[in-house]
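input01.pdb (PDB, C-alpha atoms) appears below.
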MODEL        1
ATOM      1  CA  MET A   1     134.804 123.797 165.495  1.00  0.00           C
ATOM      2  CA  ALA A   2     131.288 124.046 164.048  1.00  0.00           C
ATOM      3  CA  ALA A   3     130.743 123.788 160.306  1.00  0.00           C
ATOM      4  CA  GLU A   4     130.217 126.990 158.363  1.00  0.00           C
ATOM      5  CA  LYS A   5     126.675 128.078 157.667  1.00  0.00           C
ATOM      6  CA  PRO A   6     125.392 127.691 154.089  1.00  0.00           C
ATOM      7  CA  GLU A   7     125.329 131.507 153.788  1.00  0.00           C
ATOM      8  CA  GLN A   8     129.012 131.650 154.684  1.00  0.00           C
ATOM      9  CA  ASP A   9     129.748 128.940 152.104  1.00  0.00           C
ATOM     10  CA  SER A  10     127.910 130.857 149.374  1.00  0.00           C
ATOM     11  CA  ASP A  11     129.587 134.108 150.458  1.00  0.00           C
ATOM     12  CA  ALA A  12     132.999 132.434 150.212  1.00  0.00           C
ATOM     13  CA  ILE A  13     132.185 131.139 146.736  1.00  0.00           C
ATOM     14  CA  ARG A  14     130.844 134.529 145.633  1.00  0.00           C
ATOM     15  CA  TRP A  15     133.895 136.281 147.082  1.00  0.00           C
ATOM     16  CA  ASP A  16     136.247 133.909 145.250  1.00  0.00           C
ATOM     17  CA  LYS A  17     134.446 134.765 142.009  1.00  0.00           C
ATOM     18  CA  ILE A  18     134.637 138.511 142.683  1.00  0.00           C
ATOM     19  CA  ARG A  19     138.340 138.249 143.536  1.00  0.00           C
ATOM     20  CA  ALA A  20     138.846 136.380 140.263  1.00  0.00           C
ATOM     21  CA  GLY A  21     137.271 139.307 138.379  1.00  0.00           C
ATOM     22  CA  ASP A  22     133.863 137.730 137.671  1.00  0.00           C
ATOM     23  CA  ALA A  23     131.832 140.824 136.760  1.00  0.00           C
ATOM     24  CA  SER A  24     128.509 138.964 136.786  1.00  0.00           C
ATOM     25  CA  ALA A  25     129.063 137.786 140.391  1.00  0.00           C
ATOM     26  CA  PHE A  26     129.965 141.333 141.429  1.00  0.00           C
ATOM     27  CA  ASP A  27     126.998 142.786 139.515  1.00  0.00           C
ATOM     28  CA  ALA A  28     124.582 140.399 141.254  1.00  0.00           C
ATOM     29  CA  PHE A  29     126.045 141.325 144.657  1.00  0.00           C
ATOM     30  CA  TYR A  30     125.863 145.027 143.728  1.00  0.00           C
ATOM     31  CA  ARG A  31     122.200 144.804 142.704  1.00  0.00           C
ATOM     32  CA  GLU A  32     121.250 142.868 145.859  1.00  0.00           C
ATOM     33  CA  ASN A  33     122.882 145.375 148.208  1.00  0.00           C
ATOM     34  CA  LEU A  34     122.816 148.766 146.485  1.00  0.00           C
ATOM     35  CA  ALA A  35     119.558 150.118 147.920  1.00  0.00           C
ATOM     36  CA  SER A  36     120.103 148.969 151.499  1.00  0.00           C
ATOM     37  CA  LEU A  37     123.712 150.202 151.592  1.00  0.00           C
ATOM     38  CA  GLN A  38     122.615 153.555 150.202  1.00  0.00           C
ATOM     39  CA  ARG A  39     119.879 153.907 152.846  1.00  0.00           C
ATOM     40  CA  PHE A  40     122.388 153.070 155.569  1.00  0.00           C
ATOM     41  CA  LEU A  41     124.941 155.561 154.245  1.00  0.00           C
ATOM     42  CA  ARG A  42     122.209 158.198 153.967  1.00  0.00           C
ATOM     43  CA  ILE A  43     121.914 158.031 157.748  1.00  0.00           C
ATOM     44  CA  LEU A  44     125.660 158.377 158.239  1.00  0.00           C
ATOM     45  CA  THR A  45     126.252 161.167 155.725  1.00  0.00           C
ATOM     46  CA  ARG A  46     122.893 162.886 156.218  1.00  0.00           C
ATOM     47  CA  THR A  47     122.646 163.828 152.543  1.00  0.00           C
ATOM     48  CA  THR A  48     121.318 161.840 149.625  1.00  0.00           C
ATOM     49  CA  GLN A  49     124.073 162.925 147.236  1.00  0.00           C
ATOM     50  CA  ALA A  50     126.848 162.051 149.671  1.00  0.00           C
ATOM     51  CA  ALA A  51     125.246 158.665 150.359  1.00  0.00           C
ATOM     52  CA  GLU A  52     125.146 157.930 146.629  1.00  0.00           C
ATOM     53  CA  ASP A  53     128.779 158.999 146.219  1.00  0.00           C
ATOM     54  CA  VAL A  54     130.002 156.987 149.218  1.00  0.00           C
ATOM     55  CA  THR A  55     127.986 153.965 148.052  1.00  0.00           C
ATOM     56  CA  GLN A  56     129.708 154.049 144.674  1.00  0.00           C
ATOM     57  CA  GLU A  57     133.123 154.543 146.294  1.00  0.00           C
ATOM     58  CA  THR A  58     132.430 151.550 148.537  1.00  0.00           C
ATOM     59  CA  PHE A  59     131.587 149.257 145.632  1.00  0.00           C
ATOM     60  CA  VAL A  60     134.497 150.565 143.563  1.00  0.00           C
ATOM     61  CA  GLN A  61     136.880 149.876 146.451  1.00  0.00           C
ATOM     62  CA  MET A  62     135.489 146.378 146.800  1.00  0.00           C
ATOM     63  CA  TRP A  63     135.852 145.680 143.057  1.00  0.00           C
ATOM     64  CA  ARG A  64     139.315 147.223 142.591  1.00  0.00           C
ATOM     65  CA  SER A  65     140.852 145.914 145.821  1.00  0.00           C
ATOM     66  CA  PRO A  66     139.084 142.663 146.643  1.00  0.00           C
ATOM     67  CA  ASN A  67     140.845 141.741 149.846  1.00  0.00           C
ATOM     68  CA  GLY A  68     140.138 141.522 153.514  1.00  0.00           C
ATOM     69  CA  PHE A  69     136.947 139.464 153.548  1.00  0.00           C
ATOM     70  CA  GLU A  70     137.069 136.303 155.661  1.00  0.00           C
ATOM     71  CA  SER A  71     133.924 134.189 155.440  1.00  0.00           C
ATOM     72  CA  GLY A  72     134.540 132.742 158.894  1.00  0.00           C
ATOM     73  CA  ARG A  73     134.207 136.190 160.493  1.00  0.00           C
ATOM     74  CA  GLY A  74     130.810 137.104 159.053  1.00  0.00           C
ATOM     75  CA  SER A  75     128.769 137.683 155.942  1.00  0.00           C
ATOM     76  CA  LEU A  76     129.919 139.355 152.757  1.00  0.00           C
ATOM     77  CA  ARG A  77     127.083 141.842 153.218  1.00  0.00           C
ATOM     78  CA  ALA A  78     128.357 142.795 156.689  1.00  0.00           C
ATOM     79  CA  TYR A  79     131.823 143.233 155.198  1.00  0.00           C
ATOM     80  CA  LEU A  80     130.369 145.581 152.561  1.00  0.00           C
ATOM     81  CA  PHE A  81     128.530 147.634 155.198  1.00  0.00           C
ATOM     82  CA  GLY A  82     131.732 147.843 157.240  1.00  0.00           C
ATOM     83  CA  ILE A  83     133.608 149.274 154.248  1.00  0.00           C
ATOM     84  CA  GLY A  84     130.746 151.707 153.682  1.00  0.00           C
ATOM     85  CA  ARG A  85     130.764 152.810 157.318  1.00  0.00           C
ATOM     86  CA  LYS A  86     134.489 153.527 157.143  1.00  0.00           C
ATOM     87  CA  ARG A  87     134.125 155.433 153.862  1.00  0.00           C
ATOM     88  CA  ALA A  88     131.286 157.493 155.358  1.00  0.00           C
ATOM     89  CA  ALA A  89     133.444 158.314 158.390  1.00  0.00           C
ATOM     90  CA  GLU A  90     136.215 159.488 156.054  1.00  0.00           C
ATOM     91  CA  TRP A  91     133.697 161.599 154.139  1.00  0.00           C
ATOM     92  CA  ARG A  92     132.404 163.218 157.344  1.00  0.00           C
ATOM     93  CA  ARG A  93     135.938 164.002 158.545  1.00  0.00           C
ATOM     94  CA  LYS A  94     136.654 165.721 155.229  1.00  0.00           C
ATOM     95  CA  GLN A  95     133.471 167.784 155.525  1.00  0.00           C
ATOM     96  CA  GLY A  96     134.530 169.206 158.878  1.00  0.00           C
ATOM     97  CA  ALA A  97     132.484 170.713 161.683  1.00  0.00           C
ATOM     98  CA  THR A  98     131.430 173.780 159.667  1.00  0.00           C
ATOM     99  CA  SER A  99     129.040 171.746 157.569  1.00  0.00           C
ATOM    100  CA  GLU A 100     127.389 169.963 160.542  1.00  0.00           C
ATOM    101  CA  ALA A 101     124.389 172.312 160.602  1.00  0.00           C
ATOM    102  CA  ARG A 102     123.863 171.921 156.862  1.00  0.00           C
ATOM    103  CA  LEU A 103     124.118 168.120 157.120  1.00  0.00           C
ATOM    104  CA  ALA A 104     121.485 167.979 159.851  1.00  0.00           C
ATOM    105  CA  ALA A 105     119.119 170.136 157.808  1.00  0.00           C
ATOM    106  CA  GLU A 106     118.291 167.564 155.117  1.00  0.00           C
ATOM    107  CA  PRO A 107     115.493 165.305 156.421  1.00  0.00           C
ATOM    108  CA  VAL A 108     115.209 161.640 155.564  1.00  0.00           C
ATOM    109  CA  ALA A 109     112.517 161.233 152.911  1.00  0.00           C
ATOM    110  CA  THR A 110     109.328 159.686 154.264  1.00  0.00           C
ATOM    111  CA  GLU A 111     105.672 159.444 153.386  1.00  0.00           C
ATOM    112  CA  ASN A 112     103.686 162.640 153.827  1.00  0.00           C
ATOM    113  CA  ASN A 113     101.759 161.751 156.920  1.00  0.00           C
ATOM    114  CA  GLU A 114     101.843 162.789 160.532  1.00  0.00           C
ATOM    115  CA  ALA A 115     103.119 159.496 161.945  1.00  0.00           C
ATOM    116  CA  ALA A 116     105.992 159.274 159.462  1.00  0.00           C
ATOM    117  CA  THR A 117     106.951 162.864 160.224  1.00  0.00           C
ATOM    118  CA  ALA A 118     106.949 162.186 163.969  1.00  0.00           C
ATOM    119  CA  ILE A 119     109.045 159.044 163.537  1.00  0.00           C
ATOM    120  CA  ASN A 120     111.466 160.814 161.220  1.00  0.00           C
ATOM    121  CA  ASP A 121     111.797 163.676 163.715  1.00  0.00           C
ATOM    122  CA  ALA A 122     112.462 161.356 166.667  1.00  0.00           C
ATOM    123  CA  PHE A 123     114.932 159.262 164.675  1.00  0.00           C
ATOM    124  CA  GLY A 124     116.665 162.413 163.437  1.00  0.00           C
ATOM    125  CA  ARG A 125     117.345 163.520 167.003  1.00  0.00           C
ATOM    126  CA  LEU A 126     119.529 160.489 167.654  1.00  0.00           C
ATOM    127  CA  CYS A 127     123.260 160.799 167.055  1.00  0.00           C
ATOM    128  CA  ALA A 128     124.507 159.291 163.787  1.00  0.00           C
ATOM    129  CA  GLU A 129     125.978 156.248 165.573  1.00  0.00           C
ATOM    130  CA  GLN A 130     122.651 155.420 167.236  1.00  0.00           C
ATOM    131  CA  GLN A 131     120.749 156.002 163.992  1.00  0.00           C
ATOM    132  CA  SER A 132     123.011 153.681 162.040  1.00  0.00           C
ATOM    133  CA  LEU A 133     122.934 150.987 164.717  1.00  0.00           C
ATOM    134  CA  LEU A 134     119.127 151.014 164.955  1.00  0.00           C
ATOM    135  CA  TRP A 135     118.759 151.156 161.173  1.00  0.00           C
ATOM    136  CA  LEU A 136     121.033 148.185 160.602  1.00  0.00           C
ATOM    137  CA  ARG A 137     119.373 146.096 163.310  1.00  0.00           C
ATOM    138  CA  GLU A 138     115.705 147.022 163.006  1.00  0.00           C
ATOM    139  CA  VAL A 139     115.331 147.854 159.313  1.00  0.00           C
ATOM    140  CA  GLU A 140     118.096 145.886 157.601  1.00  0.00           C
ATOM    141  CA  GLY A 141     117.816 142.950 160.018  1.00  0.00           C
ATOM    142  CA  GLN A 142     121.534 142.581 160.663  1.00  0.00           C
ATOM    143  CA  SER A 143     122.437 140.124 163.420  1.00  0.00           C
ATOM    144  CA  TYR A 144     124.436 141.142 166.492  1.00  0.00           C
ATOM    145  CA  ALA A 145     127.464 139.343 165.027  1.00  0.00           C
ATOM    146  CA  GLU A 146     127.085 141.209 161.732  1.00  0.00           C
ATOM    147  CA  LEU A 147     126.747 144.505 163.591  1.00  0.00           C
ATOM    148  CA  ALA A 148     129.910 143.709 165.528  1.00  0.00           C
ATOM    149  CA  GLU A 149     131.736 143.102 162.258  1.00  0.00           C
ATOM    150  CA  ILE A 150     130.345 146.206 160.543  1.00  0.00           C
ATOM    151  CA  LEU A 151     131.128 148.462 163.496  1.00  0.00           C
ATOM    152  CA  ASP A 152     134.365 146.664 164.401  1.00  0.00           C
ATOM    153  CA  ILE A 153     133.350 146.268 168.066  1.00  0.00           C
ATOM    154  CA  PRO A 154     132.607 143.266 170.317  1.00  0.00           C
ATOM    155  CA  VAL A 155     129.100 141.755 170.336  1.00  0.00           C
ATOM    156  CA  GLY A 156     128.633 142.793 173.971  1.00  0.00           C
ATOM    157  CA  THR A 157     129.309 146.398 173.012  1.00  0.00           C
ATOM    158  CA  VAL A 158     126.774 146.091 170.193  1.00  0.00           C
ATOM    159  CA  ARG A 159     124.176 144.912 172.687  1.00  0.00           C
ATOM    160  CA  SER A 160     124.844 147.739 175.148  1.00  0.00           C
ATOM    161  CA  ARG A 161     124.925 150.434 172.451  1.00  0.00           C
ATOM    162  CA  LEU A 162     121.741 149.099 170.905  1.00  0.00           C
ATOM    163  CA  PHE A 163     120.057 149.153 174.301  1.00  0.00           C
ATOM    164  CA  ALA A 164     121.217 152.748 174.845  1.00  0.00           C
ATOM    165  CA  ALA A 165     119.996 153.771 171.373  1.00  0.00           C
ATOM    166  CA  ARG A 166     116.570 152.250 171.992  1.00  0.00           C
ATOM    167  CA  GLU A 167     116.341 153.962 175.381  1.00  0.00           C
ATOM    168  CA  GLU A 168     117.319 157.305 173.859  1.00  0.00           C
ATOM    169  CA  LEU A 169     114.745 156.896 171.093  1.00  0.00           C
ATOM    170  CA  ARG A 170     112.122 156.021 173.708  1.00  0.00           C
ATOM    171  CA  ARG A 171     113.086 159.113 175.730  1.00  0.00           C
ATOM    172  CA  ILE A 172     112.956 161.359 172.657  1.00  0.00           C
ATOM    173  CA  TRP A 173     109.610 159.912 171.618  1.00  0.00           C
ATOM    174  CA  HIS A 174     108.115 160.832 174.979  1.00  0.00           C
ATOM    175  CA  VAL A 175     109.398 164.433 174.913  1.00  0.00           C
ATOM    176  CA  ALA A 176     106.500 166.767 174.189  1.00  0.00           C
ATOM    177  CA  PRO A 177     106.550 168.489 170.762  1.00  0.00           C
ATOM    178  CA  GLY A 178     108.370 171.795 170.900  1.00  0.00           C
ATOM    179  CA  GLU A 179     110.560 170.734 173.844  1.00  0.00           C
ATOM    180  CA  THR A 180     114.229 170.352 173.190  1.00  0.00           C
ATOM    181  CA  ARG A 181     116.160 167.445 174.486  1.00  0.00           C
ATOM    182  CA  ASN A 182     118.926 167.980 176.982  1.00  0.00           C
ATOM    183  CA  LYS A 183     122.266 167.101 175.366  1.00  0.00           C
ATOM    184  CA  SER A 184     124.729 166.001 177.993  1.00  0.00           C
TER     185      SER A 184
ENDMDL
END

Output the structure of this file as structure tokens.
Amino acid sequence: MAAEKPEQDSDAIRWDKIRAGDASAFDAFYRENLASLQRFLRILTRTTQAAEDVTQETFVQMWRSPNGFESGRGSLRAYLFGIGRKRAAEWRRKQGATSEARLAAEPVATENNEAATAINDAFGRLCAEQQSLLWLREVEGQSYAELAEILDIPVGTVRSRLFAAREELRRIWHVAPGETRNKS
């Protein structure tokens, strides 16, 4: 068996400190990951307020019930994003289908320029699963293994879903403005 990576070693040490109630270790982890987790959850919840709430619930869960992380399975950051993804899914189930139109109405904040608007529009047309997968891979730089852990799916499935998401984004990008995409 190969030796653990240095990142896994430091994650294991950090996790041991968090489990022991070391508030400074948890605070450092919180500060390092707050903004990126919130951006990720913003995609899943489609509202800024919900993303902030789910982010806090995720960190509170991690602090109050520090269990489940295994450094040999992936990074502590991937574990955090996995908890966040599950909390966001719970939040969306509680919201129900009646709020779907309202959730889709709040755009992701971007710069006020034409290119950013076009990108935001194309990205917004992807389903939430494709948005989150592309965001985690392309913006947050998560590895395929980390994505597999976060999404609780095999690496091969990550690869195929990522390919499909990129193809769908490419297809949407090439649809002329004003045309609607065919949902099948």

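The spacing separating CA of Val54 (chain A) from CA of Ala88 (chain A) amounts to 6.3 Å.
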
Excluding region 144-149 of chain A and any residue of its chain fewer than 5 positions from it, enumerate the residues within 10 Å of it, using all atoms listed in the file, and give them as a VMD selection string. chain A and resid 73 to 79 81 to 82 133 136 to 137 154 to 159 162

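The set of residues that the PyMOL selection byres ((chain A and resi 123-127) around 8) takes from this file is Pro107, Ile119, Asn120, Asp121, Ala122, Ala128, Glu129, Gln130, Gln131, Ala165, Glu168, Leu169 and Ile172 of chain A.
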
Dump C-alpha atoms for the selected residues as a short mmCIF file (atom, residue, chain, number, x, y, z; two decimals), in the frame of the given file?
data_model
loop_
_atom_site.label_atom_id
_atom_site.label_comp_id
_atom_site.auth_asym_id
_atom_site.auth_seq_id
_atom_site.Cartn_x
_atom_site.Cartn_y
_atom_site.Cartn_z
CA PRO A 107 115.49 165.30 156.42
CA ILE A 119 109.04 159.04 163.54
CA ASN A 120 111.47 160.81 161.22
CA ASP A 121 111.80 163.68 163.72
CA ALA A 122 112.46 161.36 166.67
CA ALA A 128 124.51 159.29 163.79
CA GLU A 129 125.98 156.25 165.57
CA GLN A 130 122.65 155.42 167.24
CA GLN A 131 120.75 156.00 163.99
CA ALA A 165 120.00 153.77 171.37
CA GLU A 168 117.32 157.30 173.86
CA LEU A 169 114.74 156.90 171.09
CA ILE A 172 112.96 161.36 172.66
#

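Among the candidate residues A:Arg14, A:Arg64, A:Arg42, A:Arg171, the one lying nearest to Arg92 (chain A) is A:Arg42, with distances computed using all atoms listed in the file.
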
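The coordinates place CA of Phe40 (chain A) at 21.6 Å from CA of Trp173 (chain A).
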
Selection: 12 Å around Asn67 (chain A), all atoms listed in the file, excl. self and same-chain fewer than 6 positions, as a ChimeraX atom specification: /A:15-16,18-20,61,76,79-80,83

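You can rank A:Leu44, A:Val60, A:Val175, A:Leu151 by their closest distance to Asp27 (chain A) using all atoms listed in the file, and at the top of that list sits A:Val60.
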
Restricting to all atoms listed in the file, whichever of A:Trp91, A:Tyr30, A:Phe163, A:Trp135 is closest to Ala50 (chain A) is A:Trp91

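If all atoms listed in the file are the atoms counted, then among A:Ala164, A:Ile13, A:Leu37, A:Ala28 the closest residue to Val139 (chain A) is A:Leu37.
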
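When CA of Gln142 (chain A) is paired with CA of Asp53 (chain A), their separation reads 23.0 Å.
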
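In terms of minimum interatomic distance to His174 (chain A), A:Ala118 ranks closest within A:Ile153, A:Met62, A:Ala118, A:Leu134, counting all atoms listed in the file.
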
The PyMOL selection byres ((chain A and resi 35) around 12) applied to the shown file, residues as an mmCIF file with C-alpha atoms, in the frame of the given file:
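Final output, saved to result.cif:
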data_model
loop_
_atom_site.group_PDB
_atom_site.id
_atom_site.type_symbol
_atom_site.label_atom_id
_atom_site.label_comp_id
_atom_site.auth_asym_id
_atom_site.auth_seq_id
_atom_site.Cartn_x
_atom_site.Cartn_y
_atom_site.Cartn_z
ATOM 1 C CA PHE A 29 126.045 141.325 144.657
ATOM 2 C CA TYR A 30 125.863 145.027 143.728
ATOM 3 C CA ARG A 31 122.200 144.804 142.704
ATOM 4 C CA GLU A 32 121.250 142.868 145.859
ATOM 5 C CA ASN A 33 122.882 145.375 148.208
ATOM 6 C CA LEU A 34 122.816 148.766 146.485
ATOM 7 C CA SER A 36 120.103 148.969 151.499
ATOM 8 C CA LEU A 37 123.712 150.202 151.592
ATOM 9 C CA GLN A 38 122.615 153.555 150.202
ATOM 10 C CA ARG A 39 119.879 153.907 152.846
ATOM 11 C CA PHE A 40 122.388 153.070 155.569
ATOM 12 C CA LEU A 41 124.941 155.561 154.245
ATOM 13 C CA ARG A 42 122.209 158.198 153.967
ATOM 14 C CA THR A 48 121.318 161.840 149.625
ATOM 15 C CA ALA A 51 125.246 158.665 150.359
ATOM 16 C CA GLU A 52 125.146 157.930 146.629
ATOM 17 C CA THR A 55 127.986 153.965 148.052
ATOM 18 C CA GLN A 56 129.708 154.049 144.674
ATOM 19 C CA PHE A 81 128.530 147.634 155.198
ATOM 20 C CA GLU A 140 118.096 145.886 157.601
#
